[in-house]
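S.K.: Coordinates in protein.txt, compact mmCIF, C-alpha atoms, are listed below.
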```txt
# COMPACT_ATOMS: atom_id res chain seq x y z
CA MET A 1 -42.21 144.47 184.61
CA LEU A 2 -45.59 142.85 185.26
CA THR A 3 -45.84 141.87 188.92
CA THR A 4 -49.37 140.43 189.13
CA THR A 5 -51.30 137.79 187.29
CA THR A 6 -52.68 139.20 184.07
CA THR A 7 -53.41 138.37 180.45
CA ARG A 8 -52.77 140.51 177.40
CA VAL A 9 -52.21 140.38 173.66
CA LEU A 10 -48.53 139.75 172.99
CA GLU A 11 -46.50 142.07 170.80
CA PRO A 12 -43.46 141.46 168.57
CA GLY A 13 -41.15 142.33 171.45
CA ASP A 14 -42.52 139.36 173.40
CA LEU A 15 -41.28 136.86 170.82
CA GLU A 16 -38.40 135.41 172.82
CA ALA A 17 -40.59 134.75 175.86
CA ALA A 18 -43.32 133.21 173.70
CA LEU A 19 -40.84 130.88 172.00
CA GLU A 20 -39.62 129.77 175.42
CA VAL A 21 -43.16 128.71 176.35
CA LEU A 22 -43.69 126.98 173.00
CA GLY A 23 -40.40 125.14 173.45
CA ARG A 24 -41.57 123.42 176.64
CA ASP A 25 -43.48 120.85 174.56
CA PRO A 26 -42.14 121.02 171.00
CA VAL A 27 -44.28 118.12 169.77
CA ALA A 28 -47.68 119.22 171.10
CA ASN A 29 -46.95 122.85 170.22
CA ALA A 30 -45.56 122.24 166.73
CA PHE A 31 -48.57 123.74 164.91
CA VAL A 32 -48.44 127.11 166.65
CA ALA A 33 -44.65 127.17 166.95
CA SER A 34 -44.29 126.70 163.20
CA ARG A 35 -46.49 129.73 162.56
CA VAL A 36 -44.71 131.88 165.13
CA ASN A 37 -41.29 130.92 163.75
CA VAL A 38 -42.33 132.23 160.34
CA ALA A 39 -44.60 135.15 161.21
CA GLY A 40 -43.52 136.29 164.65
CA LEU A 41 -46.24 137.78 166.84
CA ASP A 42 -47.60 140.43 164.49
CA PRO A 43 -51.34 139.58 164.34
CA TRP A 44 -51.67 140.35 160.63
CA ARG A 45 -48.80 138.05 159.64
CA LEU A 46 -49.64 135.43 162.27
CA GLY A 47 -53.27 135.21 161.22
CA GLY A 48 -54.52 135.92 164.73
CA GLU A 49 -53.60 137.20 168.14
CA MET A 50 -51.37 135.49 170.68
CA TRP A 51 -52.67 135.93 174.20
CA GLY A 52 -50.24 135.63 177.07
CA TRP A 53 -50.83 134.83 180.73
CA TYR A 54 -48.36 136.29 183.19
CA ALA A 55 -47.83 135.16 186.78
CA GLY A 56 -45.41 137.11 188.94
CA GLY A 57 -44.22 139.03 185.91
CA ARG A 58 -43.32 135.87 183.94
CA LEU A 59 -45.05 134.62 180.80
CA THR A 60 -46.25 131.11 181.64
CA SER A 61 -49.13 130.28 179.26
CA LEU A 62 -50.28 131.17 175.76
CA CYS A 63 -53.44 130.97 173.70
CA TYR A 64 -53.44 131.39 169.93
CA ALA A 65 -56.65 133.08 168.77
CA GLY A 66 -57.04 132.86 165.02
CA ALA A 67 -58.97 130.47 162.80
CA ASN A 68 -58.43 128.05 165.70
CA LEU A 69 -58.38 128.78 169.41
CA VAL A 70 -55.40 126.87 170.83
CA PRO A 71 -54.40 126.81 174.53
CA ILE A 72 -50.66 126.31 175.00
CA CYS A 73 -49.04 125.18 178.26
CA ALA A 74 -52.15 126.64 179.89
CA VAL A 75 -52.51 126.38 183.66
CA PRO A 76 -56.04 126.54 185.15
CA GLU A 77 -55.79 130.24 186.05
CA ALA A 78 -54.69 131.05 182.52
CA ILE A 79 -57.52 129.01 181.03
CA ARG A 80 -60.06 131.00 183.02
CA ALA A 81 -58.48 134.26 181.87
CA PHE A 82 -58.38 133.11 178.24
CA ALA A 83 -62.03 132.02 178.43
CA GLU A 84 -63.06 135.42 179.77
CA ARG A 85 -61.21 137.21 176.97
CA ALA A 86 -62.74 134.86 174.39
CA ARG A 87 -66.24 135.51 175.75
CA ARG A 88 -65.69 139.27 175.52
CA THR A 89 -64.41 139.18 171.95
CA GLY A 90 -67.00 136.65 170.75
CA ARG A 91 -66.36 133.53 168.71
CA ARG A 92 -64.23 134.17 165.63
CA CYS A 93 -62.70 130.70 165.28
CA SER A 94 -63.94 127.60 163.50
CA SER A 95 -62.55 125.26 166.15
CA ILE A 96 -60.91 124.94 169.55
CA VAL A 97 -58.07 122.45 169.48
CA GLY A 98 -55.22 121.51 171.77
CA PRO A 99 -54.11 119.14 174.52
CA ALA A 100 -57.20 117.33 175.77
CA GLY A 101 -57.18 118.44 179.41
CA PRO A 102 -56.78 122.22 178.94
CA THR A 103 -59.02 122.22 175.87
CA ALA A 104 -61.81 120.45 177.74
CA GLU A 105 -61.54 122.95 180.58
CA LEU A 106 -61.56 125.88 178.16
CA TRP A 107 -64.60 124.51 176.36
CA SER A 108 -66.49 123.94 179.61
CA LEU A 109 -66.13 127.66 180.33
CA LEU A 110 -67.02 128.78 176.81
CA GLU A 111 -69.85 126.37 176.00
CA PRO A 112 -72.58 128.36 177.85
CA SER A 113 -71.94 131.37 175.61
CA TRP A 114 -70.44 129.76 172.49
CA GLY A 115 -72.33 126.47 172.34
CA PRO A 116 -73.58 124.27 171.01
CA ALA A 117 -70.67 122.92 168.98
CA ARG A 118 -71.24 121.10 165.72
CA GLU A 119 -69.07 118.26 167.03
CA VAL A 120 -66.79 117.58 169.99
CA ARG A 121 -63.95 115.08 169.55
CA ALA A 122 -62.96 114.59 173.15
CA ARG A 123 -59.94 112.34 172.63
CA GLN A 124 -57.61 112.31 169.65
CA PRO A 125 -54.44 110.33 170.40
CA LEU A 126 -51.22 112.26 169.77
CA MET A 127 -48.67 109.92 168.23
CA VAL A 128 -44.95 110.29 167.54
CA THR A 129 -42.07 108.42 165.97
CA ARG A 130 -38.35 109.06 165.76
CA SER A 131 -37.40 106.18 163.48
CA LEU A 132 -38.31 104.52 160.22
CA PRO A 133 -40.34 101.32 160.25
CA ALA A 134 -38.10 98.28 160.01
CA ASP A 135 -40.55 95.96 158.29
CA ILE A 136 -42.69 98.18 156.05
CA ALA A 137 -40.96 99.25 152.85
CA PRO A 138 -41.80 102.74 151.61
CA ASP A 139 -44.08 102.95 148.59
CA PRO A 140 -41.68 103.89 145.76
CA HIS A 141 -44.52 105.67 143.94
CA VAL A 142 -45.13 108.18 146.75
CA ARG A 143 -43.29 111.41 145.96
CA ARG A 144 -43.47 115.15 146.38
CA VAL A 145 -46.33 116.73 144.45
CA ARG A 146 -45.10 119.03 141.69
CA ARG A 147 -46.27 122.60 141.29
CA ASP A 148 -47.96 121.75 138.01
CA GLU A 149 -50.04 119.09 139.82
CA ILE A 150 -51.97 121.39 142.18
CA ASP A 151 -55.13 120.81 140.15
CA VAL A 152 -54.55 117.07 140.46
CA ILE A 153 -54.08 117.05 144.24
CA MET A 154 -56.85 119.55 145.03
CA PRO A 155 -59.86 117.18 144.59
CA ALA A 156 -58.23 114.66 146.95
CA CYS A 157 -57.55 117.40 149.51
CA VAL A 158 -61.17 118.54 149.35
CA ALA A 159 -62.43 114.96 149.68
CA MET A 160 -60.16 114.32 152.68
CA PHE A 161 -61.18 117.54 154.44
CA THR A 162 -64.88 116.96 153.85
CA GLU A 163 -64.67 113.36 155.05
CA GLU A 164 -62.64 114.30 158.12
CA VAL A 165 -64.28 117.56 159.23
CA GLY A 166 -67.81 117.05 157.94
CA VAL A 167 -68.02 120.26 155.90
CA SER A 168 -66.47 121.27 152.59
CA PRO A 169 -63.44 123.59 152.67
CA LEU A 170 -64.92 125.28 149.60
CA ALA A 171 -67.79 126.78 151.61
CA GLY A 172 -67.77 130.42 152.65
CA ASP A 173 -65.07 132.08 150.55
CA GLY A 174 -65.35 129.52 147.76
CA GLY A 175 -62.26 127.76 148.99
CA LEU A 176 -59.78 130.56 148.31
CA LEU A 177 -57.97 130.24 151.65
CA TYR A 178 -57.95 126.46 151.51
CA GLN A 179 -56.61 126.41 147.95
CA ALA A 180 -53.91 128.87 148.97
CA ARG A 181 -52.89 126.59 151.84
CA VAL A 182 -52.73 123.54 149.56
CA ALA A 183 -50.65 125.51 147.07
CA GLU A 184 -48.30 126.60 149.86
CA LEU A 185 -47.71 123.00 150.95
CA VAL A 186 -47.04 121.94 147.37
CA THR A 187 -44.65 124.78 146.59
CA THR A 188 -42.69 124.22 149.81
CA GLY A 189 -42.28 120.51 149.07
CA ARG A 190 -44.46 119.32 151.94
CA SER A 191 -47.23 117.65 149.94
CA PHE A 192 -46.80 113.96 149.04
CA ALA A 193 -48.87 111.63 146.92
CA ARG A 194 -49.09 108.51 144.83
CA ILE A 195 -50.71 109.50 141.56
CA GLU A 196 -51.91 106.98 138.99
CA ASP A 197 -53.43 107.94 135.64
CA GLY A 198 -53.92 111.50 136.83
CA ARG A 199 -55.76 110.50 140.02
CA VAL A 200 -54.52 110.55 143.61
CA VAL A 201 -54.38 107.11 145.24
CA PHE A 202 -52.67 108.17 148.51
CA LYS A 203 -51.73 111.55 149.91
CA ALA A 204 -50.38 113.21 153.05
CA GLU A 205 -48.82 116.53 153.98
CA ILE A 206 -46.28 117.78 156.48
CA GLY A 207 -48.38 120.62 157.79
CA ALA A 208 -46.29 122.05 160.63
CA VAL A 209 -42.50 122.23 160.78
CA THR A 210 -40.02 123.35 163.42
CA ARG A 211 -36.41 122.35 163.92
CA HIS A 212 -37.56 120.08 166.76
CA ALA A 213 -40.59 118.33 165.26
CA CYS A 214 -42.98 118.19 162.34
CA GLN A 215 -46.61 117.14 162.10
CA ILE A 216 -48.18 115.00 159.39
CA GLN A 217 -51.74 115.83 158.38
CA GLY A 218 -54.28 115.10 155.68
CA VAL A 219 -53.55 111.38 155.34
CA TRP A 220 -56.01 109.98 152.79
CA VAL A 221 -56.45 106.91 150.59
CA ALA A 222 -58.93 106.95 147.72
CA PRO A 223 -61.97 104.87 148.79
CA GLU A 224 -61.62 102.35 145.98
CA HIS A 225 -58.02 101.60 147.05
CA ARG A 226 -58.61 101.16 150.78
CA GLY A 227 -57.84 97.89 152.53
CA ARG A 228 -54.69 97.23 150.48
CA GLY A 229 -52.11 98.54 152.95
CA LEU A 230 -51.42 101.69 150.94
CA SER A 231 -51.72 103.90 154.02
CA GLU A 232 -48.88 101.98 155.68
CA THR A 233 -46.47 101.92 152.74
CA GLY A 234 -47.43 105.50 151.90
CA MET A 235 -46.79 106.67 155.46
CA SER A 236 -43.48 104.81 155.44
CA ALA A 237 -42.49 106.81 152.37
CA VAL A 238 -43.55 110.13 153.91
CA LEU A 239 -41.59 109.27 157.07
CA HIS A 240 -38.46 108.76 154.99
CA TYR A 241 -38.81 112.30 153.65
CA ALA A 242 -39.78 113.80 157.02
CA LEU A 243 -37.04 112.24 159.15
CA ARG A 244 -34.36 112.73 156.52
CA ASP A 245 -35.18 116.26 155.38
CA VAL A 246 -37.37 117.97 157.96
CA ALA A 247 -37.14 117.15 161.69
CA PRO A 248 -35.97 114.45 164.13
CA VAL A 249 -39.47 113.79 165.49
CA VAL A 250 -42.64 113.23 163.46
CA SER A 251 -46.07 113.55 165.04
CA LEU A 252 -49.73 113.34 164.13
CA TYR A 253 -53.05 113.11 165.90
CA VAL A 254 -55.97 110.90 164.97
CA ASN A 255 -59.58 110.40 166.05
CA ASP A 256 -59.81 107.71 168.71
CA TYR A 257 -62.69 106.02 166.88
CA ASN A 258 -60.63 105.62 163.69
CA THR A 259 -59.40 102.15 164.61
CA PRO A 260 -57.94 101.24 161.18
CA ALA A 261 -55.87 104.44 161.02
CA ARG A 262 -54.57 104.04 164.55
CA ALA A 263 -53.56 100.45 163.82
CA ALA A 264 -51.80 101.50 160.62
CA TYR A 265 -49.86 104.23 162.41
CA HIS A 266 -48.83 101.79 165.13
CA ARG A 267 -47.56 99.39 162.47
CA VAL A 268 -45.30 102.04 160.96
CA GLY A 269 -43.82 102.84 164.36
CA PHE A 270 -45.92 105.60 165.91
CA THR A 271 -46.60 105.44 169.64
CA GLU A 272 -49.21 107.37 171.62
CA VAL A 273 -47.76 110.05 173.91
CA GLY A 274 -50.86 112.06 174.80
CA ALA A 275 -54.18 113.22 173.45
CA PHE A 276 -55.66 116.25 171.75
CA MET A 277 -59.26 117.43 171.74
CA SER A 278 -61.15 119.32 169.03
CA VAL A 279 -64.34 121.33 169.27
CA LEU A 280 -65.78 122.01 165.82
CA PHE A 281 -68.25 124.80 165.03
```
Could I get this file's structure written as structure tokens?
M.R.:
Amino acid sequence: MLTTTTTRVLEPGDLEAALEVLGRDPVANAFVASRVNVAGLDPWRLGGEMWGWYAGGRLTSLCYAGANLVPICAVPEAIRAFAERARRTGRRCSSIVGPAGPTAELWSLLEPSWGPAREVRARQPLMVTRSLPADIAPDPHVRRVRRDEIDVIMPACVAMFTEEVGVSPLAGDGGLLYQARVAELVTTGRSFARIEDGRVVFKAEIGAVTRHACQIQGVWVAPEHRGRGLSETGMSAVLHYALRDVAPVVSLYVNDYNTPARAAYHRVGFTEVGAFMSVLF
């Protein structure tokens, strides 16, 4: 039994305690919880380490350290401990992302050694809905992407990622990891699109799934089709799938400066319940 405050890399035997922490905020923690539910705490399967902060022998805070650095239910003492461990190991992630307050504190401690960042998005509203929109009919042409359409959806995914993040997902390894992720979403039935004449008009994915909540990501409308309300009818269609087949709560987070997207999400019933922050390298 640990009796003092300490931080360490969690092991598979710590799974129950880690899930208890993740369950304290099932919406905000959906991304990491979905990975842990599938992979457990084995670093190779999880795609990174899970750091745990103990106070009085009890696990109280987590930090996922993989392609992203993600503080979870992190109290100030835990954030300082996670920052010290991150400084010692050096930066291995492409971003820091999580609830705005803890993420800002973590970045303030890491910036002197890890900075400068390529971009800091200090406030990204976290939005949720538990019901279907009453006055926006779902687009009947939005459907699950078939396995034989991966080559059709891939250019739209690359365009969305590049537009959103500012770099191409095909850089570095030639896009192998990104293509594998897109293929995974398609084969698990979590990729949705409206496709006309072999081209994607609208798309979105359900990127994280737990029994409590799921998270929509990658919402994109082809530039030549924007301004026609397709994001609203398309999101209405995705919500029908998500709330019927996946989880009772649907969430997403959006850049605060993306006024049209925020307005569209409000119109289909999303409400803001908090904020995330992203630090991009």
S.K.: Measuring atom to atom with all atoms listed in the file, identify which of A:Val201, A:Val219, A:Ala65, A:Ala261 is nearest to Phe161 (chain A).
M.R.: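 Checking each of A:Val201, A:Val219, A:Ala65, A:Ala261 against Phe161 (chain A), counting all atoms listed in the file, the winner is A:Val219.
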S.K.: Quick one, how far is CA of Val120 (chain A) from CA of Glu224 (chain A)?
M.R.: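 Calculated distance between CA of Val120 (chain A) and CA of Glu224 (chain A) is 28.9 Å.
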S.K.: Counting all atoms listed in the file, which residue out of A:Ala137, A:Val142, A:Val254, A:Val246 sits closest to Glu164 (chain A)?
M.R.: A:Val254
S.K.: For Glu11 (chain A), which of A:Asp42, A:Glu205, A:Glu149, A:Asp173 is the closest residue, counting all atoms listed in the file?
M.R.: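 With all atoms listed in the file as the atom set, the closest residue is A:Asp42.
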S.K.: Within 9 Å of Val209 (chain A), counting only C-alpha atoms, which residues qualify if same-chain residues fewer than 3 places away don't, as number ranges by chain?
M.R.: A: 30-31, 33-35, 206, 212-215, 246-247
S.K.: Report as a ChimeraX atom specification all protein, DNA and RNA residues lying within 8 Å of region 193-200 of chain A, evaluated on only C-alpha atoms, omitting residues in the same chain fewer than 5 positions from it.
M.R.: /A:141-145,152-153,156,222,234
S.K.: Against region 85-102 of chain A, which residues of region 159-270 of chain A fall within 12 Å? For each one I want the closest pair of atoms and the distance in Å (one decimal), counting only C-alpha atoms, rows by chain and increasing residue number, as JSON lines.
M.R.:
```
{"residue": "A:Val165", "atom": "CA", "partner": "A:Ser95", "partner_atom": "CA", "distance": 10.5}
{"residue": "A:Val167", "atom": "CA", "partner": "A:Ser94", "partner_atom": "CA", "distance": 11.3}
{"residue": "A:Pro169", "atom": "CA", "partner": "A:Ser94", "partner_atom": "CA", "distance": 11.6}
{"residue": "A:Gly172", "atom": "CA", "partner": "A:Ser94", "partner_atom": "CA", "distance": 11.8}
{"residue": "A:Tyr253", "atom": "CA", "partner": "A:Gly98", "partner_atom": "CA", "distance": 10.5}
```
S.K.: Check which residues of region 117-182 of chain A sit at most 12 Å from region 264-272 of chain A using only C-alpha atoms, and return one row each with the closest pair of atoms and their distance in Å to one decimal, ordered by chain and rising number, as a tab-separated table.
M.R.:
```
residue	atom	partner	partner_atom	distance
A:Arg123	CA	A:Glu272	CA	11.9
A:Gln124	CA	A:Glu272	CA	9.9
A:Pro125	CA	A:Glu272	CA	6.1
A:Leu126	CA	A:Glu272	CA	5.6
A:Met127	CA	A:Glu272	CA	4.3
A:Val128	CA	A:Phe270	CA	5.1
A:Thr129	CA	A:Phe270	CA	4.8
A:Arg130	CA	A:Phe270	CA	8.3
A:Ser131	CA	A:Gly269	CA	7.3
A:Leu132	CA	A:Gly269	CA	7.1
A:Pro133	CA	A:Val268	CA	5.1
A:Ala134	CA	A:Val268	CA	8.2
A:Asp135	CA	A:Val268	CA	8.2
A:Ile136	CA	A:Val268	CA	6.8
A:Ala137	CA	A:Val268	CA	9.6
A:Pro138	CA	A:Val268	CA	10.0
```
S.K.: May I ask for the distance between CA of Ala171 (chain A) and CA of Trp107 (chain A), given in Å to one decimal place?
M.R.: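 Atom-to-atom, CA of Ala171 (chain A) and CA of Trp107 (chain A) are spaced 25.1 Å apart.
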S.K.: Of the residues A:Thr259, A:Thr6, A:Thr210, A:Thr188, which is the one nearest to Asp25 (chain A), using all atoms listed in the file?
M.R.: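 Answer, going by the shortest atom-to-atom distance: A:Thr210.
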S.K.: Could you tell me how far CA of Val75 (chain A) sits from CA of Ala122 (chain A), in Å to one decimal place?
M.R.: 18.9 Å
S.K.: What are the centre and the three edge lengths of an axis-aligned box that wraps all atoms of region 219-223 of chain A in the file, given that 5 Å is added to every side, written as JSON and rounded to one decimal in Å?
M.R.:
```
{"center_x": -57.8, "center_y": 108.1, "center_z": 151.5, "size_x": 18.4, "size_y": 16.5, "size_z": 17.6}
```
S.K.: A:Met277, A:Ala183, A:Cys63, A:Leu176: which is nearest Met154 (chain A), counting only C-alpha atoms?
M.R.: A:Ala183
